[in-house]
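Enquirer: Coordinates in model_13.pdb, PDB, C-alpha atoms and all ligand atoms, are listed below.
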ATOM      1  CA  MET A  14       0.000   0.000   0.000
ATOM      2  CA  PHE A  15       1.226   3.469  -0.826
ATOM      3  CA  LEU A  16       2.534   5.477   2.120
ATOM      4  CA  GLU A  17       3.030   9.205   1.780
ATOM      5  CA  PRO A  18       6.733  10.157   1.811
ATOM      6  CA  SER A  19       5.782  13.165   3.931
ATOM      7  CA  PHE A  20       3.056  15.713   4.401
ATOM      8  CA  ARG A  21       5.214  18.662   5.420
ATOM      9  CA  ASN A  22       8.479  20.512   5.021
ATOM     10  CA  GLN A  23       9.180  19.347   1.506
ATOM     11  CA  ARG A  24      11.464  21.440  -0.654
ATOM     12  CA  SER A  25       9.278  20.702  -3.676
ATOM     13  CA  GLY A  26       6.155  18.831  -4.613
ATOM     14  CA  TRP A  27       6.020  15.629  -6.589
ATOM     15  CA  ILE A  28       3.836  13.607  -8.960
ATOM     16  CA  GLU A  29       2.095  10.341  -8.063
ATOM     17  CA  VAL A  30       0.268   8.271 -10.677
ATOM     18  CA  ILE A  31      -2.391   5.670  -9.921
ATOM     19  CA  CYS A  32      -3.130   3.650 -13.060
ATOM     20  CA  GLY A  33      -4.836   0.454 -14.142
ATOM     21  CA  SER A  34      -7.786  -0.907 -16.107
ATOM     22  CA  MET A  35     -11.430  -0.241 -15.469
ATOM     23  CA  PHE A  36     -12.768  -1.651 -12.175
ATOM     24  CA  SER A  37      -9.261  -1.710 -10.699
ATOM     25  CA  GLY A  38      -9.989   0.754  -7.897
ATOM     26  CA  LYS A  39      -8.046   3.784  -9.184
ATOM     27  CA  THR A  40     -10.582   6.333  -8.014
ATOM     28  CA  GLU A  41     -11.013   4.597  -4.650
ATOM     29  CA  GLU A  42      -7.237   4.833  -4.161
ATOM     30  CA  LEU A  43      -7.266   8.518  -5.151
ATOM     31  CA  ILE A  44     -10.071   9.171  -2.660
ATOM     32  CA  ARG A  45      -8.171   7.288   0.069
ATOM     33  CA  ARG A  46      -5.064   9.452  -0.431
ATOM     34  CA  ILE A  47      -7.097  12.669  -0.528
ATOM     35  CA  ARG A  48      -8.863  11.769   2.717
ATOM     36  CA  ARG A  49      -5.534  11.080   4.429
ATOM     37  CA  ALA A  50      -4.142  14.392   3.199
ATOM     38  CA  ARG A  51      -7.141  16.200   4.676
ATOM     39  CA  ILE A  52      -6.583  14.480   8.022
ATOM     40  CA  ALA A  53      -3.052  15.924   7.875
ATOM     41  CA  ASN A  54      -4.644  19.394   7.431
ATOM     42  CA  GLN A  55      -3.567  19.711   3.816
ATOM     43  CA  GLN A  56      -5.519  22.004   1.490
ATOM     44  CA  VAL A  57      -6.809  19.876  -1.361
ATOM     45  CA  ALA A  58      -8.243  20.650  -4.823
ATOM     46  CA  ILE A  59      -9.615  17.937  -7.114
ATOM     47  CA  TYR A  60     -10.082  18.206 -10.870
ATOM     48  CA  LYS A  61     -11.424  16.076 -13.659
ATOM     49  CA  PRO A  62     -11.922  16.666 -17.383
ATOM     50  CA  GLN A  63     -15.269  18.175 -18.290
ATOM     51  CA  ILE A  64     -15.970  15.224 -20.569
ATOM     52  CA  ASP A  65     -16.625  12.870 -17.667
ATOM     53  CA  ILE A  66     -20.307  13.459 -16.997
ATOM     54  CA  ARG A  67     -21.220   9.940 -15.969
ATOM     55  CA  TYR A  68     -22.883  10.619 -12.651
ATOM     56  CA  SER A  69     -22.393  14.083 -11.302
ATOM     57  CA  ASP A  70     -20.954  17.356 -12.501
ATOM     58  CA  HIS A  71     -18.980  18.184  -9.386
ATOM     59  CA  GLU A  72     -18.008  14.918  -7.815
ATOM     60  CA  VAL A  73     -15.258  12.391  -8.268
ATOM     61  CA  VAL A  74     -17.317   9.240  -8.151
ATOM     62  CA  SER A  75     -15.922   5.737  -8.071
ATOM     63  CA  HIS A  76     -17.923   2.738  -9.249
ATOM     64  CA  ASP A  77     -18.806   1.909  -5.680
ATOM     65  CA  ALA A  78     -20.168   5.428  -5.161
ATOM     66  CA  ASN A  79     -17.565   6.894  -2.859
ATOM     67  CA  SER A  80     -17.370  10.538  -3.773
ATOM     68  CA  LEU A  81     -15.507  13.809  -3.251
ATOM     69  CA  THR A  82     -16.247  17.232  -4.674
ATOM     70  CA  SER A  83     -14.254  18.069  -7.794
ATOM     71  CA  HIS A  84     -14.000  20.793 -10.416
ATOM     72  CA  PRO A  85     -14.691  19.767 -14.018
ATOM     73  CA  VAL A  86     -12.354  21.738 -16.330
ATOM     74  CA  PRO A  87     -12.219  21.870 -20.146
ATOM     75  CA  HIS A  88      -8.407  22.142 -20.410
ATOM     76  CA  SER A  89      -5.480  21.141 -18.196
ATOM     77  CA  ARG A  90      -4.104  24.722 -18.241
ATOM     78  CA  GLU A  91      -6.894  25.717 -15.841
ATOM     79  CA  LEU A  92      -5.206  23.670 -13.130
ATOM     80  CA  LEU A  93      -2.488  26.344 -13.026
ATOM     81  CA  ASN A  94      -5.082  28.733 -11.538
ATOM     82  CA  VAL A  95      -5.295  26.587  -8.422
ATOM     83  CA  ASP A  96      -5.910  28.630  -5.261
ATOM     84  CA  GLU A  97      -2.941  29.907  -3.294
ATOM     85  CA  GLY A  98      -2.336  27.681  -0.284
ATOM     86  CA  VAL A  99      -3.376  24.400  -1.913
ATOM     87  CA  ASN A 100      -0.908  21.639  -0.972
ATOM     88  CA  VAL A 101      -2.410  18.702  -2.840
ATOM     89  CA  VAL A 102      -3.989  18.543  -6.316
ATOM     90  CA  GLY A 103      -5.949  15.388  -7.213
ATOM     91  CA  ILE A 104      -6.773  14.613 -10.850
ATOM     92  CA  ASP A 105      -9.249  11.892 -11.830
ATOM     93  CA  GLU A 106      -9.904  10.361 -15.284
ATOM     94  CA  ALA A 107      -6.605  11.878 -16.407
ATOM     95  CA  GLN A 108      -6.599   9.839 -19.646
ATOM     96  CA  PHE A 109      -9.285  12.149 -21.035
ATOM     97  CA  PHE A 110      -7.193  15.300 -20.528
ATOM     98  CA  ASP A 111      -5.181  16.995 -23.305
ATOM     99  CA  GLN A 112      -1.462  16.381 -23.911
ATOM    100  CA  GLU A 113      -0.484  19.483 -21.919
ATOM    101  CA  LEU A 114      -1.406  17.778 -18.645
ATOM    102  CA  PRO A 115       2.078  16.310 -17.934
ATOM    103  CA  GLY A 116       3.696  19.769 -18.290
ATOM    104  CA  VAL A 117       1.021  21.289 -16.085
ATOM    105  CA  CYS A 118       1.616  18.633 -13.403
ATOM    106  CA  GLU A 119       5.334  19.362 -13.551
ATOM    107  CA  GLN A 120       4.729  23.088 -13.018
ATOM    108  CA  LEU A 121       2.465  22.353 -10.057
ATOM    109  CA  ALA A 122       5.066  20.027  -8.525
ATOM    110  CA  MET A 123       7.733  22.711  -8.953
ATOM    111  CA  LYS A 124       5.493  25.101  -7.014
ATOM    112  CA  GLY A 125       5.618  22.654  -4.097
ATOM    113  CA  ILE A 126       2.309  20.908  -4.744
ATOM    114  CA  ARG A 127       1.800  17.167  -4.353
ATOM    115  CA  VAL A 128      -0.005  16.045  -7.528
ATOM    116  CA  ILE A 129      -1.958  12.786  -7.449
ATOM    117  CA  VAL A 130      -3.096  11.609 -10.876
ATOM    118  CA  ALA A 131      -5.505   8.706 -11.445
ATOM    119  CA  GLY A 132      -6.313   7.349 -14.893
ATOM    120  CA  LEU A 133      -6.622   4.443 -17.297
ATOM    121  CA  ASP A 134      -3.198   3.423 -18.571
ATOM    122  CA  MET A 135      -4.629   1.690 -21.677
ATOM    123  CA  ASP A 136      -7.687   2.230 -23.854
ATOM    124  CA  PHE A 137      -9.930  -0.660 -24.876
ATOM    125  CA  ARG A 138      -7.570  -1.454 -27.765
ATOM    126  CA  GLY A 139      -4.737  -2.015 -25.285
ATOM    127  CA  ARG A 140      -2.881   1.146 -26.344
ATOM    128  CA  PRO A 141      -1.404   3.771 -23.983
ATOM    129  CA  PHE A 142      -4.153   6.276 -23.256
ATOM    130  CA  GLY A 143      -3.814  10.055 -23.852
ATOM    131  CA  PRO A 144      -1.309  11.828 -21.575
ATOM    132  CA  MET A 145      -0.900   8.801 -19.253
ATOM    133  CA  PRO A 146       2.340   7.341 -20.712
ATOM    134  CA  ASP A 147       4.154  10.681 -20.331
ATOM    135  CA  LEU A 148       2.847  11.081 -16.804
ATOM    136  CA  LEU A 149       4.042   7.583 -15.907
ATOM    137  CA  ALA A 150       7.500   8.451 -17.200
ATOM    138  CA  MET A 151       7.652  11.721 -15.264
ATOM    139  CA  ALA A 152       6.134  10.666 -11.931
ATOM    140  CA  GLU A 153       8.140  10.089  -8.760
ATOM    141  CA  TYR A 154       5.716   7.393  -7.594
ATOM    142  CA  ILE A 155       3.617   4.962  -9.629
ATOM    143  CA  THR A 156       0.965   2.573  -8.361
ATOM    144  CA  LYS A 157      -0.571   0.118 -10.806
ATOM    145  CA  VAL A 158      -3.778  -1.327  -9.411
ATOM    146  CA  HIS A 159      -5.357  -4.489 -10.796
ATOM    147  CA  ALA A 160      -8.914  -5.610 -11.303
ATOM    148  CA  ILE A 161     -10.020  -9.246 -11.356
ATOM    149  CA  CYS A 162     -10.634 -10.920 -14.719
ATOM    150  CA  HIS A 163     -14.360 -11.555 -15.231
ATOM    151  CA  HIS A 164     -13.596 -14.777 -17.079
ATOM    152  CA  CYS A 165     -10.876 -16.604 -15.167
ATOM    153  CA  GLY A 166     -10.365 -14.788 -11.873
ATOM    154  CA  ASN A 167      -6.716 -13.894 -12.456
ATOM    155  CA  LEU A 168      -5.428 -10.358 -12.103
ATOM    156  CA  ALA A 169      -6.827  -8.137 -14.861
ATOM    157  CA  THR A 170      -4.899  -5.409 -16.639
ATOM    158  CA  HIS A 171      -7.090  -4.765 -19.687
ATOM    159  CA  SER A 172     -10.453  -3.056 -20.244
ATOM    160  CA  TYR A 173     -12.491  -5.170 -22.641
ATOM    161  CA  ARG A 174     -15.299  -3.441 -24.510
ATOM    162  CA  LEU A 175     -18.400  -5.555 -24.855
ATOM    163  CA  THR A 176     -19.972  -3.388 -27.578
ATOM    164  CA  GLN A 177     -18.696  -3.052 -31.143
ATOM    165  CA  ASP A 178     -18.446   0.754 -30.978
ATOM    166  CA  GLU A 179     -15.002   1.823 -32.236
ATOM    167  CA  GLN A 180     -14.948   5.290 -30.672
ATOM    168  CA  THR A 181     -12.087   5.527 -28.121
ATOM    169  CA  VAL A 182     -13.615   8.145 -25.857
ATOM    170  CA  MET A 183     -16.648   6.309 -24.647
ATOM    171  CA  LEU A 184     -17.467   6.849 -21.040
ATOM    172  CA  GLY A 185     -17.296   3.868 -18.823
ATOM    173  CA  GLU A 186     -20.534   2.291 -17.828
ATOM    174  CA  LYS A 187     -20.236  -1.024 -16.098
ATOM    175  CA  HIS A 188     -22.314  -2.970 -18.599
ATOM    176  CA  GLU A 189     -20.227  -1.835 -21.595
ATOM    177  CA  TYR A 190     -16.857  -3.065 -20.318
ATOM    178  CA  GLU A 191     -15.308  -5.772 -18.272
ATOM    179  CA  ALA A 192     -11.859  -6.193 -16.772
ATOM    180  CA  ARG A 193      -9.865  -9.045 -18.291
ATOM    181  CA  CYS A 194      -6.417 -10.573 -17.963
ATOM    182  CA  ARG A 195      -4.124 -10.505 -20.988
ATOM    183  CA  VAL A 196      -5.146 -13.962 -22.191
ATOM    184  CA  CYS A 197      -8.926 -13.537 -21.904
ATOM    185  CA  TYR A 198      -8.644 -10.057 -23.445
ATOM    186  CA  GLY A 199      -6.728 -11.460 -26.418
ATOM    187  CA  MET A 200      -9.084 -14.420 -26.823
ATOM    188  CA  GLY A 201     -12.056 -12.081 -26.733
ATOM    189  CA  ASN A 202     -10.648  -9.912 -29.471
ATOM    190  CA  ILE A 203     -10.039 -12.944 -31.677
ATOM    191  CA  LEU A 204     -13.358 -14.637 -31.080
ATOM    192  CA  ARG A 205     -15.460 -11.659 -29.930
ATOM    193  CA  LEU A 206     -16.420 -13.723 -26.901
ATOM    194  CA  LYS A 207     -19.066 -12.166 -24.727
TER     195      LYS A 207
HETATM  196 ZN    ZN B   1      -8.663 -14.083 -17.601
END
What is this structure when it is put down as structure tokens?
Ligand code: ZN

Expert:
Amino acid sequence: MFLEPSFRNQRSGWIEVICGSMFSGKTEELIRRIRRARIANQQVAIYKPQIDIRYSDHEVVSHDANSLTSHPVPHSRELLNVDEGVNVVGIDEAQFFDQELPGVCEQLAMKGIRVIVAGLDMDFRGRPFGPMPDLLAMAEYITKVHAICHHCGNLATHSYRLTQDEQTVMLGEKHEYEARCRVCYGMGNILRLK
């Protein structure tokens, strides 16, 4: 389990990335870290891309309905307007942000802010998703969380799309995807198993 290197007296901030497939608990882990930061009296701001309108406009909501208030923003540059005095910036659904997000996170970290980024590392085709690969390369700390494969019960790393829709940015509803291990994901793509 991730333990915070420190809450205080840091010379600079840093970047943490929480990544994994759908249903792997990324948002739950983000919420856990944010709650702990608040207990340590840290000022926290949470952002998500405006595209994620699944449940609520102003909440970071995990599949099991834990939630925290967040700001939906159309572009990552808006994160640079974060209020003075904020120690921790949380970012959910980071894969849907623009390619400027890694540079923005770096600027925030240089200002002394702890940046916690959660997002899908791969899209449903198994390809690195949006700004996530750059963020993974630039982060001080990386946590890859795993779901459980719906077919065989092994650890799952892939998000398998059950519909035939080819559009990459399709918001995640439980019934449209399932988590799969590498083998069951590959078999599904060959046979279109459902
Ligand atoms: Zn499997």

Enquirer: What do you get, as a list in words, if you spell out every residue that the PyMOL selection byres (((chain A and resi 15) around 12) and not hetatm) selects here?

Expert: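 Evaluating the PyMOL selection byres (((chain A and resi 15) around 12) and not hetatm) on these coordinates yields Met14, Leu16, Glu17, Pro18, Ser19, Glu29, Val30, Ile31, Glu42, Leu43, Arg45, Arg46, Arg49, Ile129, Tyr154, Ile155, Thr156, Lys157 and Val158 of chain A.
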
Enquirer: Restricted to C-alpha atoms, what would the selected residues look like written as a PDB file, keeping the file's coordinate frame?

Expert:
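Final output, saved to selection34.pdb:
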ATOM      1  CA  MET A  14       0.000   0.000   0.000  1.00  0.00           C
ATOM      2  CA  LEU A  16       2.534   5.477   2.120  1.00  0.00           C
ATOM      3  CA  GLU A  17       3.030   9.205   1.780  1.00  0.00           C
ATOM      4  CA  PRO A  18       6.733  10.157   1.811  1.00  0.00           C
ATOM      5  CA  SER A  19       5.782  13.165   3.931  1.00  0.00           C
ATOM      6  CA  GLU A  29       2.095  10.341  -8.063  1.00  0.00           C
ATOM      7  CA  VAL A  30       0.268   8.271 -10.677  1.00  0.00           C
ATOM      8  CA  ILE A  31      -2.391   5.670  -9.921  1.00  0.00           C
ATOM      9  CA  GLU A  42      -7.237   4.833  -4.161  1.00  0.00           C
ATOM     10  CA  LEU A  43      -7.266   8.518  -5.151  1.00  0.00           C
ATOM     11  CA  ARG A  45      -8.171   7.288   0.069  1.00  0.00           C
ATOM     12  CA  ARG A  46      -5.064   9.452  -0.431  1.00  0.00           C
ATOM     13  CA  ARG A  49      -5.534  11.080   4.429  1.00  0.00           C
ATOM     14  CA  ILE A 129      -1.958  12.786  -7.449  1.00  0.00           C
ATOM     15  CA  TYR A 154       5.716   7.393  -7.594  1.00  0.00           C
ATOM     16  CA  ILE A 155       3.617   4.962  -9.629  1.00  0.00           C
ATOM     17  CA  THR A 156       0.965   2.573  -8.361  1.00  0.00           C
ATOM     18  CA  LYS A 157      -0.571   0.118 -10.806  1.00  0.00           C
ATOM     19  CA  VAL A 158      -3.778  -1.327  -9.411  1.00  0.00           C
TER      20      VAL A 158
END

Enquirer: Point out the residue among A:Arg21, A:Pro87, A:Ile44, A:Trp27 with the least atom-to-atom distance to A:Ala122, counting all atoms listed in the file.

Expert: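 The shortest atom-to-atom distance to A:Ala122 comes from A:Trp27.
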
Enquirer: For A:Val117, which residue out of A:Leu93, A:Ala131, A:Val99, A:Ala50 is the nearest one, using only C-alpha atoms?

Expert: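 Between A:Leu93, A:Ala131, A:Val99, A:Ala50, the residue approaching A:Val117 most closely is A:Leu93.
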
Enquirer: Looking at A:Ile59, A:Pro85, A:Ile64, A:Asn100, which one is nearest to A:Phe20, with distances taken over only C-alpha atoms?

Expert: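 Closest candidate: A:Asn100.
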
Enquirer: Return the single residue from A:Leu92, A:Ile28, A:Met35, A:Ala152 that is closest to A:His171, with distances computed using all atoms listed in the file.

Expert: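 The shortest atom-to-atom distance to A:His171 comes from A:Met35.
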
Enquirer: Taking only C-alpha atoms into account, name the residue in A:Thr176, A:Gln120, A:Asn202, A:Gln55 that is nearest to A:Ser25.

Expert: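 Among A:Thr176, A:Gln120, A:Asn202, A:Gln55, it is A:Gln120 that comes nearest to A:Ser25.
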
Enquirer: Determine, for each residue of chain A having at least one atom at most 7 Å from an atom of ligand ZN 1 (chain B), the closest pair of atoms and their separation in Å to one decimal, counting only C-alpha atoms and all ligand atoms; order by chain and ascending number, as CSV.

Expert:
residue,atom,partner,partner_atom,distance
A:Cys162,CA,B:ZN1,ZN,4.7
A:His163,CA,B:ZN1,ZN,6.7
A:His164,CA,B:ZN1,ZN,5.0
A:Cys165,CA,B:ZN1,ZN,4.1
A:Gly166,CA,B:ZN1,ZN,6.0
A:Asn167,CA,B:ZN1,ZN,5.5
A:Ala169,CA,B:ZN1,ZN,6.8
A:Arg193,CA,B:ZN1,ZN,5.2
A:Cys194,CA,B:ZN1,ZN,4.2
A:Arg195,CA,B:ZN1,ZN,6.7
A:Val196,CA,B:ZN1,ZN,5.8
A:Cys197,CA,B:ZN1,ZN,4.3

Enquirer: What residues come out when you apply the PyMOL selection byres (((chain A and resi 159) around 8) and not hetatm) to this file, written as a ChimeraX atom specification?

Expert: /A:33-34,37-38,157-158,160-161,168-170

Enquirer: As JSON, please: the centre and edge lengths in Å, to one decimal, of an axis-aligned box enclosing every listed atom of stretch 145-151 of chain A with 8 Å added on each side.

Expert:
{"center_x": 3.4, "center_y": 9.5, "center_z": -18.0, "size_x": 24.6, "size_y": 20.4, "size_z": 21.4}

Enquirer: Please write as a ChimeraX atom specification the full residue list that the PyMOL selection byres (((chain A and resi 94-97) around 12) and not hetatm) yields on this file.

Expert: /A:56-60,84,86,88-93,98-103,117-118,120-121,124-126,128

Enquirer: Any idea what the distance is between atom CA of A:Glu119 and atom CA of A:Gly139?

Expert: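 Taking atom CA of A:Glu119 as the start and atom CA of A:Gly139 as the end point, the length is 26.4 Å.
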